[in-house]
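Data first, discussion second: the structure below is written as structure tokens.
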Amino acid sequence: MKLLFIGDVVGQPGRRGVRELLPALRQRHGIDLVVANGENSAGGSGITVKTAEEIFLAGVDIITSGDHLWDQKEVMGLLENEKRFLRPLNYPAGTPGQGSTIFRNRNLAAVAIINLQGRTFMPPLENPFHSAKAEVERLRAVTKIIFIDFHAEATSEKIALARMLDGSISALVGTHTHVQTADEQIFPGGTAFLCDAGFTGPHESVLGREIDPIIKRFLTSQPQKFEVAAGTILLQGALIDIDDATGKARNIQRISEALPPPTTAP
Ligand SMILES: [Fe+2]
Ligand SMILES: [Fe+2]
């Protein structure tokens with residue numbers, strides 16, 4: 001089966017990128033299942049029922065999140081009612097929502113999806129290494145096809161977690177930095193890895209936000225309003241080919257697809 005993972009969808013341009021680019025990608029690569037990180041889909045900060053719905057309608061099956069989870073209060077509607085929405089698993093016990101799910105649909109083999117968040121240079125949560133180990137063990141009783149979105153800042157934390165799980169999951173792809181890395185590979189045990197998927201949204205920007213206010217912030221150390229940028233929209237992520245029978249990855253490929261500029265009327 002082929003799983004497409006889409007890196008952080010940023011604001012309206014990011015949602016537009018998914019809507020306009022996903023159908024052709026799905027066809028071209030014969031994609032079976034689409035997972036997208038939606039933590040920045042509402043105005044660049046957080047996610048709402050409405051922005052999630054737009055992403056689902058565009059063809060995404062499961063939405064993951066990260067440290068921007070709580071930026072919009074409407075997220076509670078997703079945490080409480082939306083089975084296709086994940087928050088990082090390693091929040092304290094009692095946190096609303098779910099950190100993993102099993103996708104069973106469209107005659108596919110069952111696919112488990114887990115969302116985790118790092119702790120290095122990020123707000124402290126439960127230890128993602130222990131959370132991941134226990135959850136993977138639990139889910140492997142149901143399916144060998146397991147995908148993890150590890151939302152983390154430090155490359156070492158992402159590589160170490162993926163190495164720890166090599167052979168017991170199909171793939172781990174990192175998110176959060178919004179910068180796509182070039183280290184896609186399959187580890188010896190059969191786990192596909194990419195340190196960061198990048199982001200889906202406006203790339204004439206600093207991580208999806210307008211450039212000038214961010215430069216000004218660095219120059220003056222004073223808070224600025226960071227609006228979502230405009231300009232060239234890319235859909236970024238990773239396409240993973242997984243052997244249904246073994247759950248091991250056969251191939252991983254980076255995706256960075258540009259939205260063609262609008263054609264101007266003659
Ligand atoms: Fe993040
Ligand atoms: Fe993000």
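Ligands are numbered from 1 in the order shown, chains are lettered A, B, ... in the order of the structure tokens, and residues start at 1 in each chain.
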Would you please give, as a ChimeraX atom specification, all residues of stretch 93-244 of chain A that DSSP assigns to helix (DSSP H, G or I) based on the backbone? /A:128-140,155-164,211-220
Output file for the selection above: C-alpha atoms, as a CSV table (one decimal), in the first residue's frame:
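Produced file out21.csv, reproduced below:
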```csv
chain,number,residue,atom,x,y,z
A,128,PRO,CA,7.8,9.9,23.8
A,129,PHE,CA,10.3,7.0,23.8
A,130,HIS,CA,8.3,5.1,26.5
A,131,SER,CA,5.0,6.2,25.1
A,132,ALA,CA,6.0,5.0,21.6
A,133,LYS,CA,7.3,1.6,22.8
A,134,ALA,CA,4.1,0.7,24.7
A,135,GLU,CA,1.8,2.0,22.0
A,136,VAL,CA,3.6,0.2,19.1
A,137,GLU,CA,3.6,-3.0,21.1
A,138,ARG,CA,-0.2,-2.6,21.7
A,139,LEU,CA,-0.9,-1.8,18.1
A,140,ARG,CA,1.2,-4.6,16.6
A,155,THR,CA,17.0,16.0,14.6
A,156,SER,CA,18.7,13.7,17.2
A,157,GLU,CA,15.5,13.0,19.0
A,158,LYS,CA,13.7,12.1,15.7
A,159,ILE,CA,16.5,9.8,14.5
A,160,ALA,CA,16.9,8.1,17.9
A,161,LEU,CA,13.2,7.4,18.2
A,162,ALA,CA,13.0,6.0,14.7
A,163,ARG,CA,16.1,3.9,15.2
A,164,MET,CA,14.6,2.5,18.4
A,211,ILE,CA,9.3,37.6,6.0
A,212,ASP,CA,9.6,41.3,7.1
A,213,PRO,CA,8.0,41.1,10.6
A,214,ILE,CA,10.2,38.1,11.4
A,215,ILE,CA,13.3,39.9,10.4
A,216,LYS,CA,12.1,42.9,12.5
A,217,ARG,CA,11.5,40.6,15.5
A,218,PHE,CA,15.1,39.3,15.2
A,219,LEU,CA,16.4,42.9,14.8
A,220,THR,CA,14.5,44.5,17.6
```
Enumerate as a ChimeraX atom specification the residues within 10 Å of ligand 1, counting only C-alpha atoms and all ligand atoms. /A:8,37-40,45-46,65-69,117-118,122,151-153,175-178
Resulting file, chosen residues, N, CA and C atoms, as a compact mmCIF listing (two decimals), in the first residue's frame:
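After the write, part19.txt holds the following:
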```
# COMPACT_ATOMS: atom_id res chain seq x y z
N ASP A 8 3.15 19.83 7.79
CA ASP A 8 2.31 20.89 8.37
C ASP A 8 1.62 21.78 7.32
N ASN A 37 -0.40 16.60 8.65
CA ASN A 37 -0.30 17.35 9.90
C ASN A 37 -1.03 18.68 9.71
N GLY A 38 -2.03 18.94 10.56
CA GLY A 38 -2.87 20.14 10.40
C GLY A 38 -2.71 21.17 11.50
N GLU A 39 -1.62 21.10 12.26
CA GLU A 39 -1.52 21.96 13.45
C GLU A 39 -1.48 23.45 13.14
N ASN A 40 -1.13 23.83 11.90
CA ASN A 40 -1.06 25.25 11.54
C ASN A 40 -2.13 25.63 10.52
N SER A 45 -1.92 29.09 12.94
CA SER A 45 -1.79 28.67 14.34
C SER A 45 -2.99 27.85 14.76
N GLY A 46 -2.80 26.58 14.96
CA GLY A 46 -3.87 25.74 15.45
C GLY A 46 -4.78 25.24 14.35
N SER A 65 -1.34 16.40 14.64
CA SER A 65 -1.10 17.77 15.14
C SER A 65 0.21 17.84 15.91
N GLY A 66 0.33 18.85 16.76
CA GLY A 66 1.60 19.04 17.47
C GLY A 66 1.48 20.13 18.51
N ASP A 67 2.55 20.92 18.70
CA ASP A 67 2.58 21.88 19.80
C ASP A 67 1.59 23.04 19.61
N HIS A 68 1.12 23.27 18.37
CA HIS A 68 0.13 24.35 18.15
C HIS A 68 -1.30 23.88 18.37
N LEU A 69 -1.43 22.67 18.88
CA LEU A 69 -2.75 22.04 19.08
C LEU A 69 -3.77 22.97 19.72
N GLN A 117 4.98 13.81 20.20
CA GLN A 117 5.69 15.10 20.22
C GLN A 117 7.00 14.98 20.98
N GLY A 118 8.04 15.66 20.48
CA GLY A 118 9.36 15.62 21.12
C GLY A 118 9.40 16.48 22.37
N MET A 122 11.35 21.89 23.40
CA MET A 122 9.88 21.97 23.25
C MET A 122 9.26 21.88 24.64
N HIS A 151 6.35 14.85 15.93
CA HIS A 151 6.40 16.31 15.84
C HIS A 151 7.47 16.81 16.82
N ALA A 152 8.65 17.11 16.30
CA ALA A 152 9.77 17.40 17.20
C ALA A 152 10.76 18.35 16.55
N GLU A 153 11.50 19.04 17.41
CA GLU A 153 12.45 20.06 16.96
C GLU A 153 13.82 19.45 16.65
N THR A 175 7.87 16.10 11.80
CA THR A 175 7.27 17.39 11.42
C THR A 175 7.73 18.43 12.43
N HIS A 176 7.26 19.65 12.28
CA HIS A 176 7.44 20.79 13.19
C HIS A 176 8.47 21.82 12.71
N THR A 177 9.58 21.42 12.12
CA THR A 177 10.56 22.46 11.76
C THR A 177 10.13 23.22 10.50
N HIS A 178 9.22 22.64 9.71
CA HIS A 178 8.76 23.23 8.45
C HIS A 178 9.86 23.25 7.39
```
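Counting only C-alpha atoms, A:Leu207 has the following residues at most 10 Å away, ignoring those fewer than 4 positions along the same chain: A:Val10, A:Gly44, A:His176, A:Thr177, A:His178, A:Val179, A:Gly198, A:Phe199, A:Thr200, A:Gly201, A:Pro202, A:His203, A:Ile211, A:Val228, A:Ala229.
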Provide the atom CA of A:Pro96 to atom CA of A:Ile63 distance in Å, to one decimal place.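 Separation of atom CA of A:Pro96 and atom CA of A:Ile63: 15.7 Å.
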Please identify all polymer residues within 8 Å of A:Val18, counting only C-alpha atoms, omitting same-chain residues fewer than 5 positions from it, and present them as a list in words.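 Counting only the stated atoms, we get Val9, Ile55, Ala58, Thr200 and Leu235 of chain A.
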Selection file, N, CA and C atoms, as a PDB file, in the first residue's frame:
```pdb
ATOM      1  N   VAL A   9       0.307  21.744   7.325  1.00  0.00           N
ATOM      2  CA  VAL A   9      -0.494  22.552   6.395  1.00  0.00           C
ATOM      3  C   VAL A   9      -0.663  23.936   7.019  1.00  0.00           C
ATOM      4  N   ILE A  55      -9.740  20.066   5.004  1.00  0.00           N
ATOM      5  CA  ILE A  55      -8.629  19.157   4.703  1.00  0.00           C
ATOM      6  C   ILE A  55      -9.157  17.741   4.438  1.00  0.00           C
ATOM      7  N   ALA A  58     -10.636  17.571   1.041  1.00  0.00           N
ATOM      8  CA  ALA A  58      -9.613  17.587  -0.013  1.00  0.00           C
ATOM      9  C   ALA A  58      -9.041  16.190  -0.260  1.00  0.00           C
ATOM     10  N   THR A 200       3.395  22.521   4.003  1.00  0.00           N
ATOM     11  CA  THR A 200       2.532  22.760   2.857  1.00  0.00           C
ATOM     12  C   THR A 200       1.934  24.143   3.011  1.00  0.00           C
ATOM     13  N   LEU A 235       3.270  21.771  -1.805  1.00  0.00           N
ATOM     14  CA  LEU A 235       2.810  20.675  -0.947  1.00  0.00           C
ATOM     15  C   LEU A 235       4.031  19.811  -0.689  1.00  0.00           C
TER      16      LEU A 235
END
```
Which residues are close to A:Ser100, i.e. within 9 Å by only C-alpha atoms, leaving aside same-chain residues fewer than 2 positions away? Reply as a PDB file with C-alpha atoms, in the first residue's frame.
```pdb
ATOM      1  CA  PHE A  85      -8.043  13.635  14.322  1.00  0.00           C
ATOM      2  CA  LEU A  86      -4.961  12.853  16.438  1.00  0.00           C
ATOM      3  CA  ARG A  87      -3.103  14.853  19.072  1.00  0.00           C
ATOM      4  CA  PRO A  88       0.335  13.848  20.355  1.00  0.00           C
ATOM      5  CA  LEU A  89      -0.020  10.613  22.307  1.00  0.00           C
ATOM      6  CA  GLN A  98      -6.542  10.380  21.067  1.00  0.00           C
ATOM      7  CA  ILE A 102      -6.434   2.318  13.358  1.00  0.00           C
ATOM      8  CA  ALA A 112      -2.197   2.225  12.619  1.00  0.00           C
ATOM      9  CA  ILE A 113      -1.247   5.891  12.832  1.00  0.00           C
ATOM     10  CA  ILE A 114       0.469   7.380  15.887  1.00  0.00           C
ATOM     11  CA  ASN A 115       1.175  11.053  16.631  1.00  0.00           C
ATOM     12  CA  LEU A 116       3.952  11.913  19.116  1.00  0.00           C
ATOM     13  CA  GLU A 135       1.785   1.969  21.952  1.00  0.00           C
ATOM     14  CA  ILE A 148       4.255   7.667  13.108  1.00  0.00           C
TER      15      ILE A 148
END
```
Between atom CA of A:Asp241 and atom CA of A:Arg28, what is the spacing in Å? 13.8 Å
Which residues, written as a PyMOL selection string, have at least one atom at most 12 Å from A:Pro260, with only C-alpha atoms counted and residues fewer than 4 positions away on the same chain left out? chain A and resi 16-17+20-21+231-235+264
